[in-house]
file data-v7.cif (mmCIF, C-alpha atoms)
data_structure
loop_
_atom_site.label_atom_id
_atom_site.label_comp_id
_atom_site.auth_asym_id
_atom_site.auth_seq_id
_atom_site.Cartn_x
_atom_site.Cartn_y
_atom_site.Cartn_z
CA MET A 1 -182.97 -14.58 -1.38
CA SER A 2 -181.22 -17.05 -3.64
CA GLN A 3 -180.64 -20.60 -2.52
CA ARG A 4 -176.91 -19.98 -2.87
CA ALA A 5 -176.88 -16.90 -0.65
CA LEU A 6 -178.93 -18.74 1.95
CA GLN A 7 -176.42 -21.58 1.98
CA ASP A 8 -173.49 -19.15 2.30
CA TYR A 9 -175.18 -17.30 5.16
CA GLY A 10 -175.96 -20.60 6.86
CA GLU A 11 -172.38 -21.82 6.65
CA ARG A 12 -171.09 -18.45 7.86
CA THR A 13 -173.47 -18.52 10.85
CA ILE A 14 -172.37 -22.02 11.80
CA ARG A 15 -168.72 -20.92 11.53
CA ILE A 16 -169.19 -17.81 13.67
CA MET A 17 -171.16 -19.63 16.36
CA ALA A 18 -168.71 -22.54 16.42
CA LYS A 19 -165.97 -20.08 17.35
CA MET A 20 -167.93 -18.31 20.09
CA PRO A 21 -166.45 -19.42 23.45
CA TYR A 22 -169.72 -19.25 25.41
CA ALA A 23 -171.74 -21.15 22.76
CA ARG A 24 -169.01 -23.82 22.68
CA PHE A 25 -169.03 -24.06 26.44
CA LEU A 26 -172.79 -24.73 26.45
CA GLY A 27 -172.37 -27.21 23.58
CA MET A 28 -174.90 -25.57 21.25
CA LYS A 29 -175.25 -26.96 17.71
CA ILE A 30 -176.83 -25.43 14.60
CA LYS A 31 -178.59 -27.22 11.78
CA ILE A 32 -179.98 -25.68 8.59
CA GLU A 33 -182.71 -27.60 6.82
CA SER A 34 -184.97 -26.46 3.96
CA GLY A 35 -183.92 -22.85 4.46
CA GLN A 36 -184.70 -22.87 8.22
CA LEU A 37 -182.23 -22.59 11.05
CA MET A 38 -182.64 -24.75 14.11
CA THR A 39 -180.47 -24.85 17.20
CA CYS A 40 -179.88 -27.81 19.48
CA LEU A 41 -178.56 -27.98 23.01
CA PRO A 42 -177.66 -31.59 23.87
CA ALA A 43 -178.33 -32.63 27.46
CA GLN A 44 -175.25 -32.48 29.68
CA GLU A 45 -174.92 -32.87 33.40
CA LYS A 46 -173.06 -29.57 33.79
CA LEU A 47 -176.15 -27.65 32.58
CA THR A 48 -178.14 -28.71 35.67
CA GLY A 49 -179.88 -26.13 37.83
CA ASN A 50 -181.88 -28.26 40.22
CA PRO A 51 -180.21 -31.67 40.66
CA ASN A 52 -183.26 -33.12 42.46
CA LEU A 53 -185.64 -32.95 39.48
CA PRO A 54 -183.18 -32.83 37.54
CA ALA A 55 -183.80 -29.67 35.52
CA LEU A 56 -181.83 -27.37 33.24
CA HIS A 57 -180.57 -24.18 34.92
CA GLY A 58 -182.78 -21.15 34.17
CA GLY A 59 -179.66 -19.35 33.02
CA VAL A 60 -178.95 -22.11 30.50
CA ILE A 61 -182.48 -21.71 29.13
CA GLY A 62 -182.06 -17.92 28.91
CA SER A 63 -178.65 -18.22 27.28
CA PHE A 64 -179.84 -20.81 24.76
CA LEU A 65 -182.77 -18.56 23.76
CA GLU A 66 -180.45 -15.59 23.30
CA LEU A 67 -177.98 -17.65 21.24
CA THR A 68 -180.87 -18.97 19.11
CA ALA A 69 -182.04 -15.38 18.42
CA LEU A 70 -178.48 -14.33 17.61
CA SER A 71 -177.97 -17.28 15.21
CA GLU A 72 -181.19 -16.45 13.36
CA TRP A 73 -180.07 -12.81 13.02
CA LEU A 74 -176.67 -13.86 11.61
CA PHE A 75 -178.37 -16.30 9.23
CA ARG A 76 -180.87 -13.77 7.89
CA THR A 77 -178.54 -10.77 7.64
CA GLY A 78 -175.37 -12.53 6.50
CA GLU A 79 -173.38 -10.20 8.78
CA GLN A 80 -169.92 -11.23 9.99
CA ASP A 81 -169.86 -8.97 13.04
CA LEU A 82 -171.93 -9.65 16.12
CA PRO A 83 -174.76 -7.33 17.14
CA ARG A 84 -175.16 -6.19 20.74
CA THR A 85 -178.14 -7.40 22.79
CA THR A 86 -179.80 -4.33 24.29
CA SER A 87 -182.73 -6.02 26.00
CA PHE A 88 -183.83 -9.55 26.54
CA SER A 89 -186.96 -10.92 28.16
CA VAL A 90 -187.70 -14.57 28.84
CA ASP A 91 -190.91 -16.31 29.89
CA TYR A 92 -190.42 -19.71 31.47
CA LEU A 93 -193.37 -21.93 30.56
CA ARG A 94 -192.36 -25.41 31.67
CA SER A 95 -189.52 -26.97 33.59
CA GLY A 96 -186.61 -27.77 31.29
CA ARG A 97 -185.81 -31.44 31.83
CA MET A 98 -182.39 -32.94 31.38
CA GLN A 99 -183.05 -33.76 27.74
CA ASP A 100 -181.90 -32.43 24.37
CA THR A 101 -183.44 -29.00 23.75
CA PHE A 102 -184.23 -27.42 20.38
CA GLY A 103 -184.72 -23.82 19.35
CA ARG A 104 -186.01 -21.63 16.57
CA ALA A 105 -186.29 -17.87 16.21
CA VAL A 106 -188.21 -15.42 14.04
CA ILE A 107 -187.21 -11.87 13.20
CA ILE A 108 -190.35 -9.85 13.91
CA ARG A 109 -188.88 -6.62 12.59
CA GLN A 110 -185.50 -5.89 11.14
CA GLY A 111 -184.84 -2.19 11.32
CA ARG A 112 -181.73 -0.29 10.31
CA ARG A 113 -180.49 -0.20 13.90
CA ILE A 114 -182.60 -2.61 15.91
CA SER A 115 -183.86 -6.10 15.14
CA ASN A 116 -186.66 -7.52 17.24
CA ILE A 117 -186.49 -11.30 17.49
CA GLN A 118 -188.66 -13.95 19.11
CA ALA A 119 -187.15 -17.25 20.10
CA THR A 120 -188.82 -20.46 21.25
CA ILE A 121 -187.26 -23.59 22.72
CA TRP A 122 -188.78 -27.01 23.28
CA GLN A 123 -187.81 -30.56 24.16
CA SER A 124 -189.63 -33.75 23.16
CA ASN A 125 -192.75 -31.96 21.86
CA ALA A 126 -192.47 -28.85 19.65
CA ASP A 127 -196.05 -27.90 20.62
CA LYS A 128 -195.06 -27.63 24.26
CA PRO A 129 -192.42 -24.89 24.47
CA VAL A 130 -190.19 -24.83 27.54
CA ALA A 131 -189.60 -21.08 27.22
CA VAL A 132 -190.00 -18.15 24.85
CA ALA A 133 -188.01 -14.95 24.63
CA ARG A 134 -188.01 -11.56 23.01
CA CYS A 135 -184.71 -10.02 22.12
CA ASN A 136 -183.65 -6.61 20.77
CA LEU A 137 -180.34 -6.64 18.93
CA LEU A 138 -178.43 -3.50 18.02
CA SER A 139 -176.75 -3.74 14.62
CA PRO A 140 -172.91 -3.89 14.80
CA ALA A 141 -172.69 -0.73 12.67
CA PHE A 142 -174.23 1.15 15.62
CA SER A 143 -172.67 -0.66 18.57
CA MET B 1 -178.67 -17.70 58.79
CA PHE B 2 -178.97 -19.34 55.38
CA ASP B 3 -175.63 -21.09 55.50
CA GLY B 4 -175.58 -24.43 53.81
CA GLU B 5 -178.67 -24.20 51.67
CA ILE B 6 -177.95 -20.87 50.07
CA ARG B 7 -174.33 -21.61 49.34
CA GLN B 8 -175.16 -24.85 47.65
CA LEU B 9 -174.46 -23.76 44.11
CA PRO B 10 -176.32 -25.50 41.28
CA PRO B 11 -173.92 -27.55 39.09
CA PHE B 12 -174.21 -25.06 36.22
CA ALA B 13 -173.40 -22.13 38.52
CA VAL B 14 -170.22 -23.92 39.61
CA VAL B 15 -168.96 -24.59 36.08
CA LEU B 16 -169.87 -21.07 34.97
CA GLY B 17 -167.76 -19.58 37.78
CA MET B 18 -170.36 -18.14 40.19
CA GLU B 19 -169.58 -17.57 43.85
CA TYR B 20 -171.81 -16.59 46.74
CA VAL B 21 -170.42 -13.36 48.22
CA ARG B 22 -172.63 -12.05 51.00
CA GLU B 23 -176.07 -10.88 52.01
CA GLU B 24 -177.36 -7.82 53.80
CA GLY B 25 -181.04 -7.64 54.71
CA SER B 26 -182.97 -8.76 51.64
CA LYS B 27 -180.03 -8.04 49.32
CA LEU B 28 -177.63 -10.70 48.14
CA TRP B 29 -174.37 -10.50 46.19
CA VAL B 30 -172.99 -13.07 43.76
CA ARG B 31 -169.71 -12.88 41.85
CA LEU B 32 -169.08 -14.28 38.37
CA ARG B 33 -165.41 -15.02 37.85
CA ILE B 34 -164.09 -14.21 34.40
CA SER B 35 -162.90 -17.21 32.44
CA GLU B 36 -162.27 -17.95 28.78
CA HIS B 37 -165.54 -19.86 28.33
CA ILE B 38 -167.88 -16.99 29.20
CA LEU B 39 -166.53 -14.70 26.47
CA GLN B 40 -168.49 -13.51 23.46
CA ASP B 41 -165.71 -13.92 20.89
CA THR B 42 -162.16 -15.16 20.47
CA GLN B 43 -160.79 -11.60 20.50
CA ALA B 44 -161.98 -11.45 24.14
CA SER B 45 -163.70 -8.12 23.55
CA CYS B 46 -166.51 -8.68 26.07
CA VAL B 47 -168.33 -11.17 28.29
CA HIS B 48 -171.30 -12.94 26.69
CA GLY B 49 -174.69 -11.59 27.79
CA GLY B 50 -175.95 -15.12 28.41
CA ALA B 51 -173.42 -15.66 31.21
CA ILE B 52 -174.65 -12.42 32.81
CA THR B 53 -178.29 -13.51 32.39
CA ALA B 54 -177.47 -16.83 34.07
CA THR B 55 -175.84 -15.08 37.04
CA LEU B 56 -178.75 -12.64 37.36
CA ASP B 57 -181.23 -15.55 37.31
CA ASN B 58 -179.30 -17.44 39.97
CA ALA B 59 -178.86 -14.41 42.24
CA CYS B 60 -182.54 -13.46 41.86
CA GLY B 61 -183.66 -16.92 42.95
CA TRP B 62 -181.25 -16.98 45.88
CA CYS B 63 -182.15 -13.58 47.27
CA ILE B 64 -185.77 -14.65 47.78
CA ARG B 65 -184.53 -16.92 50.57
CA THR B 66 -183.32 -13.86 52.46
CA HIS B 67 -186.80 -12.27 52.48
CA SER B 68 -188.55 -12.26 55.85
CA GLN B 69 -191.72 -13.83 54.40
CA TYR B 70 -189.92 -16.71 52.74
CA GLU B 71 -190.38 -20.01 54.52
CA ASN B 72 -187.27 -22.17 54.42
CA GLY B 73 -187.48 -25.04 51.96
CA THR B 74 -190.27 -23.57 49.81
CA SER B 75 -189.89 -24.61 46.17
CA MET B 76 -189.67 -21.91 43.52
CA ALA B 77 -189.56 -21.48 39.76
CA THR B 78 -188.66 -18.47 37.62
CA LEU B 79 -191.73 -17.20 35.77
CA ASP B 80 -190.12 -14.40 33.83
CA LEU B 81 -186.89 -12.47 33.66
CA ARG B 82 -186.13 -9.28 31.78
CA VAL B 83 -182.60 -8.00 31.31
CA ASP B 84 -181.51 -4.61 29.98
CA PHE B 85 -177.93 -4.72 28.82
CA ILE B 86 -176.59 -1.22 29.34
CA ARG B 87 -172.98 -1.63 28.30
CA PRO B 88 -170.65 -4.51 27.42
CA ALA B 89 -168.83 -6.17 30.33
CA VAL B 90 -165.05 -6.00 29.94
CA PRO B 91 -163.15 -9.28 30.33
CA GLU B 92 -160.62 -7.81 32.78
CA LEU B 93 -162.95 -7.51 35.77
CA ASP B 94 -165.19 -10.00 37.57
CA ILE B 95 -168.92 -9.32 37.44
CA MET B 96 -170.83 -8.63 40.62
CA VAL B 97 -174.57 -9.10 40.84
CA MET B 98 -176.69 -7.59 43.60
CA ALA B 99 -180.23 -8.98 43.78
CA GLU B 100 -183.05 -7.85 46.04
CA CYS B 101 -186.42 -9.46 46.64
CA TYR B 102 -188.62 -6.40 47.21
CA ALA B 103 -191.97 -8.14 47.64
CA ILE B 104 -193.63 -11.48 48.26
CA GLN B 105 -197.38 -11.58 47.67
CA GLN B 106 -199.69 -14.55 47.14
CA ASN B 107 -196.89 -16.99 46.45
CA MET B 108 -195.24 -14.67 43.93
CA ALA B 109 -191.82 -13.17 44.62
CA TYR B 110 -190.71 -9.95 42.90
CA VAL B 111 -187.01 -9.37 42.43
CA LYS B 112 -184.75 -6.71 40.97
CA ALA B 113 -181.05 -7.08 40.27
CA VAL B 114 -178.09 -5.18 38.94
CA ALA B 115 -174.86 -6.49 37.39
CA TYR B 116 -171.76 -4.30 37.58
CA GLN B 117 -167.98 -4.38 37.46
CA THR B 118 -166.60 -1.26 39.13
CA SER B 119 -169.59 0.38 40.79
CA MET B 120 -173.26 -0.42 41.29
CA HIS B 121 -173.92 3.06 39.94
CA ASP B 122 -172.29 2.18 36.62
CA PRO B 123 -174.24 -0.98 35.76
CA VAL B 124 -173.52 -3.47 32.99
CA ALA B 125 -177.10 -4.78 33.15
CA LYS B 126 -180.28 -4.39 35.16
CA SER B 127 -183.04 -6.93 35.50
CA LEU B 128 -186.50 -7.59 36.89
CA ALA B 129 -187.82 -11.07 37.58
CA THR B 130 -190.84 -12.78 39.08
CA PHE B 131 -190.84 -16.20 40.68
CA MET B 132 -193.64 -18.58 41.56
CA LEU B 133 -193.27 -19.98 45.05
CA ASP B 134 -194.45 -23.29 46.40
CA THR B 135 -194.60 -24.82 42.92
CA LEU B 136 -194.66 -28.27 44.48
CA GLY B 137 -197.52 -27.28 46.78
CA THR B 138 -195.89 -28.58 49.92
CA THR B 139 -195.49 -25.53 52.16
CA ARG B 140 -197.57 -22.59 53.26
CA MET B 141 -196.29 -19.06 53.03
CA ILE B 142 -196.55 -16.71 55.97
CA GLU B 143 -199.08 -14.12 54.82
#
call {"tool": "encode", "arguments": {"input": "data-v7.cif", "output": "structure tokens"}}
result
Amino acid sequence: MSQRALQDYGERTIRIMAKMPYARFLGMKIKIESGQLMTCLPAQEKLTGNPNLPALHGGVIGSFLELTALSEWLFRTGEQDLPRTTSFSVDYLRSGRMQDTFGRAVIIRQGRRISNIQATIWQSNADKPVAVARCNLLSPAFS
Amino acid sequence: MFDGEIRQLPPFAVVLGMEYVREEGSKLWVRLRISEHILQDTQASCVHGGAITATLDNACGWCIRTHSQYENGTSMATLDLRVDFIRPAVPELDIMVMAECYAIQQNMAYVKAVAYQTSMHDPVAKSLATFMLDTLGTTRMIE
């Protein structure tokens, strides 16, 4: 893909996600660097699950993984319409601390109807993921 | 029986719009109130899957406390959570989640849950989750 198309797709993805009410509510940000998309979820008190630790809510972790997978799909396909998540599976590997969290996703297979995506999120150390997820997205043409 | 502890909503659950509804045996119901910030897009066509995942995760964790083998105060952490999104949730109706802990074995709790709007028999999403119990190693489970 040309550098130009990649830049257009990146800007379009950022625009679409910036308008999404739920992504705005969580405060998710997107950055594109050297042709790679990375998501960021800045720490905020409202994202707390267990106030005693304090830790991020498991639902925040799940949502951030799903939004990371969705952003990668938009970035790679250049689509304007949103796909529909058909199944989503998350493995929690470490407690998510109240810190900034980062995410990346990889499209394992992009079919005509279904795209299979893997997403990973981490905090201070990219080699120590907080959680990973697998996500099947149904193309908007079929949903 | 679980008054107080169980109704203590995590901060994220409060801002998302979750409410404890009731419990019956090892089943527990949680409601997610519809608000602008849980929507998928600005056209308000459906509720974002991440908000449903978050409610499922919360309800799954809570319902473990209703299980007869759960010892009050035992710490827990979600190990994995799988969600099948069956159909989009319309923004006109609140989302109900019914979660049931169907087994506790060797400090692992097994939970299933369903999210629906009109009837439990017409689900929006179904999920399966496992939780590790006694992650802080402070209590003993009744075997």
call {"tool": "closest_residue", "arguments": {"input": "data-v7.cif", "among": "B:Leu81, B:Cys63, B:Met120, B:Leu28", "to": "Ile104 in chain B", "atoms": "all atoms listed in the file"}}
result
B:Cys63
call {"tool": "interface_residues", "arguments": {"input": "data-v7.cif", "of": "chain B", "to": "chain A", "cutoff": "10 Å", "atoms": "all atoms listed in the file", "output": "ChimeraX atom specification"}}
result
/B:9-16,35-44,47-58,61,77-88,125-131
call {"tool": "write_last_selection", "arguments": {"input": "data-v7.cif", "atoms": "C-alpha atoms", "output": "mmCIF file, in the coordinates of the input"}}
result
data_model
loop_
_atom_site.group_PDB
_atom_site.id
_atom_site.type_symbol
_atom_site.label_atom_id
_atom_site.label_comp_id
_atom_site.auth_asym_id
_atom_site.auth_seq_id
_atom_site.Cartn_x
_atom_site.Cartn_y
_atom_site.Cartn_z
ATOM 1 C CA LEU B 9 -174.460 -23.760 44.110
ATOM 2 C CA PRO B 10 -176.320 -25.500 41.280
ATOM 3 C CA PRO B 11 -173.920 -27.550 39.090
ATOM 4 C CA PHE B 12 -174.210 -25.060 36.220
ATOM 5 C CA ALA B 13 -173.400 -22.130 38.520
ATOM 6 C CA VAL B 14 -170.220 -23.920 39.610
ATOM 7 C CA VAL B 15 -168.960 -24.590 36.080
ATOM 8 C CA LEU B 16 -169.870 -21.070 34.970
ATOM 9 C CA SER B 35 -162.900 -17.210 32.440
ATOM 10 C CA GLU B 36 -162.270 -17.950 28.780
ATOM 11 C CA HIS B 37 -165.540 -19.860 28.330
ATOM 12 C CA ILE B 38 -167.880 -16.990 29.200
ATOM 13 C CA LEU B 39 -166.530 -14.700 26.470
ATOM 14 C CA GLN B 40 -168.490 -13.510 23.460
ATOM 15 C CA ASP B 41 -165.710 -13.920 20.890
ATOM 16 C CA THR B 42 -162.160 -15.160 20.470
ATOM 17 C CA GLN B 43 -160.790 -11.600 20.500
ATOM 18 C CA ALA B 44 -161.980 -11.450 24.140
ATOM 19 C CA VAL B 47 -168.330 -11.170 28.290
ATOM 20 C CA HIS B 48 -171.300 -12.940 26.690
ATOM 21 C CA GLY B 49 -174.690 -11.590 27.790
ATOM 22 C CA GLY B 50 -175.950 -15.120 28.410
ATOM 23 C CA ALA B 51 -173.420 -15.660 31.210
ATOM 24 C CA ILE B 52 -174.650 -12.420 32.810
ATOM 25 C CA THR B 53 -178.290 -13.510 32.390
ATOM 26 C CA ALA B 54 -177.470 -16.830 34.070
ATOM 27 C CA THR B 55 -175.840 -15.080 37.040
ATOM 28 C CA LEU B 56 -178.750 -12.640 37.360
ATOM 29 C CA ASP B 57 -181.230 -15.550 37.310
ATOM 30 C CA ASN B 58 -179.300 -17.440 39.970
ATOM 31 C CA GLY B 61 -183.660 -16.920 42.950
ATOM 32 C CA ALA B 77 -189.560 -21.480 39.760
ATOM 33 C CA THR B 78 -188.660 -18.470 37.620
ATOM 34 C CA LEU B 79 -191.730 -17.200 35.770
ATOM 35 C CA ASP B 80 -190.120 -14.400 33.830
ATOM 36 C CA LEU B 81 -186.890 -12.470 33.660
ATOM 37 C CA ARG B 82 -186.130 -9.280 31.780
ATOM 38 C CA VAL B 83 -182.600 -8.000 31.310
ATOM 39 C CA ASP B 84 -181.510 -4.610 29.980
ATOM 40 C CA PHE B 85 -177.930 -4.720 28.820
ATOM 41 C CA ILE B 86 -176.590 -1.220 29.340
ATOM 42 C CA ARG B 87 -172.980 -1.630 28.300
ATOM 43 C CA PRO B 88 -170.650 -4.510 27.420
ATOM 44 C CA ALA B 125 -177.100 -4.780 33.150
ATOM 45 C CA LYS B 126 -180.280 -4.390 35.160
ATOM 46 C CA SER B 127 -183.040 -6.930 35.500
ATOM 47 C CA LEU B 128 -186.500 -7.590 36.890
ATOM 48 C CA ALA B 129 -187.820 -11.070 37.580
ATOM 49 C CA THR B 130 -190.840 -12.780 39.080
ATOM 50 C CA PHE B 131 -190.840 -16.200 40.680
#
call {"tool": "resolve_selection", "arguments": {"input": "data-v7.cif", "expression": "the PyMOL selection byres ((chain B and resi 100) around 8)", "output": "compact mmCIF listing (two decimals) with C-alpha atoms, in the coordinates of the input"}}
result
# COMPACT_ATOMS: atom_id res chain seq x y z
CA SER B 26 -182.97 -8.76 51.64
CA LYS B 27 -180.03 -8.04 49.32
CA LEU B 28 -177.63 -10.70 48.14
CA CYS B 60 -182.54 -13.46 41.86
CA CYS B 63 -182.15 -13.58 47.27
CA ILE B 64 -185.77 -14.65 47.78
CA MET B 98 -176.69 -7.59 43.60
CA ALA B 99 -180.23 -8.98 43.78
CA CYS B 101 -186.42 -9.46 46.64
CA TYR B 102 -188.62 -6.40 47.21
CA VAL B 111 -187.01 -9.37 42.43
CA LYS B 112 -184.75 -6.71 40.97
CA ALA B 113 -181.05 -7.08 40.27
call {"tool": "residues_around", "arguments": {"input": "data-v7.cif", "residues": "Arg31 in chain B", "least_positions_apart": "5", "cutoff": "9 Å", "atoms": "all atoms listed in the file", "output": "list in words"}}
result
Gly17, Met18, Glu19, Tyr20, Val21, Thr55, Asp94, Ile95, Met96, Val97 and Met98 of chain B
call {"tool": "residues_around", "arguments": {"input": "data-v7.cif", "residues": "Ser139 in chain A", "least_positions_apart": "5", "cutoff": "7 Å", "atoms": "only C-alpha atoms", "output": "ChimeraX atom specification"}}
result
/A:83-84,113-114
call {"tool": "write_last_selection", "arguments": {"input": "data-v7.cif", "atoms": "C-alpha atoms", "output": "PDB file, in the coordinates of the input"}}
result
ATOM      1  CA  PRO A  83    -174.760  -7.330  17.140  1.00  0.00           C
ATOM      2  CA  ARG A  84    -175.160  -6.190  20.740  1.00  0.00           C
ATOM      3  CA  ARG A 113    -180.490  -0.200  13.900  1.00  0.00           C
ATOM      4  CA  ILE A 114    -182.600  -2.610  15.910  1.00  0.00           C
TER       5      ILE A 114
END
call {"tool": "atom_distance", "arguments": {"input": "data-v7.cif", "atom1": "CA of Gln36 in chain A", "atom2": "CA of Gly78 in chain A"}}
result
14.0 Å
call {"tool": "closest_residue", "arguments": {"input": "data-v7.cif", "among": "A:Arg109, A:Arg104, A:Lys31, A:Arg97", "to": "Leu70 in chain A", "atoms": "all atoms listed in the file"}}
result
A:Arg104
call {"tool": "resolve_selection", "arguments": {"input": "data-v7.cif", "expression": "the PyMOL selection byres ((chain B and resi 108) around 6)", "output": "ChimeraX atom specification"}}
result
/B:104-107,109,131-133
call {"tool": "axis_aligned_box", "arguments": {"input": "data-v7.cif", "around": "range 81-89 of chain A", "padding_each_side": "5 Å", "output": "lines of an AutoDock Vina configuration file"}}
result
center_x = -178.4
center_y = -7.6
center_z = 20.6
size_x = 27.1
size_y = 16.6
size_z = 25.1
call {"tool": "resolve_selection", "arguments": {"input": "data-v7.cif", "expression": "the PyMOL selection byres ((chain A and resi 105) around 8)", "output": "ChimeraX atom specification"}}
result
/A:68-69,72,103-104,106-107,117-120
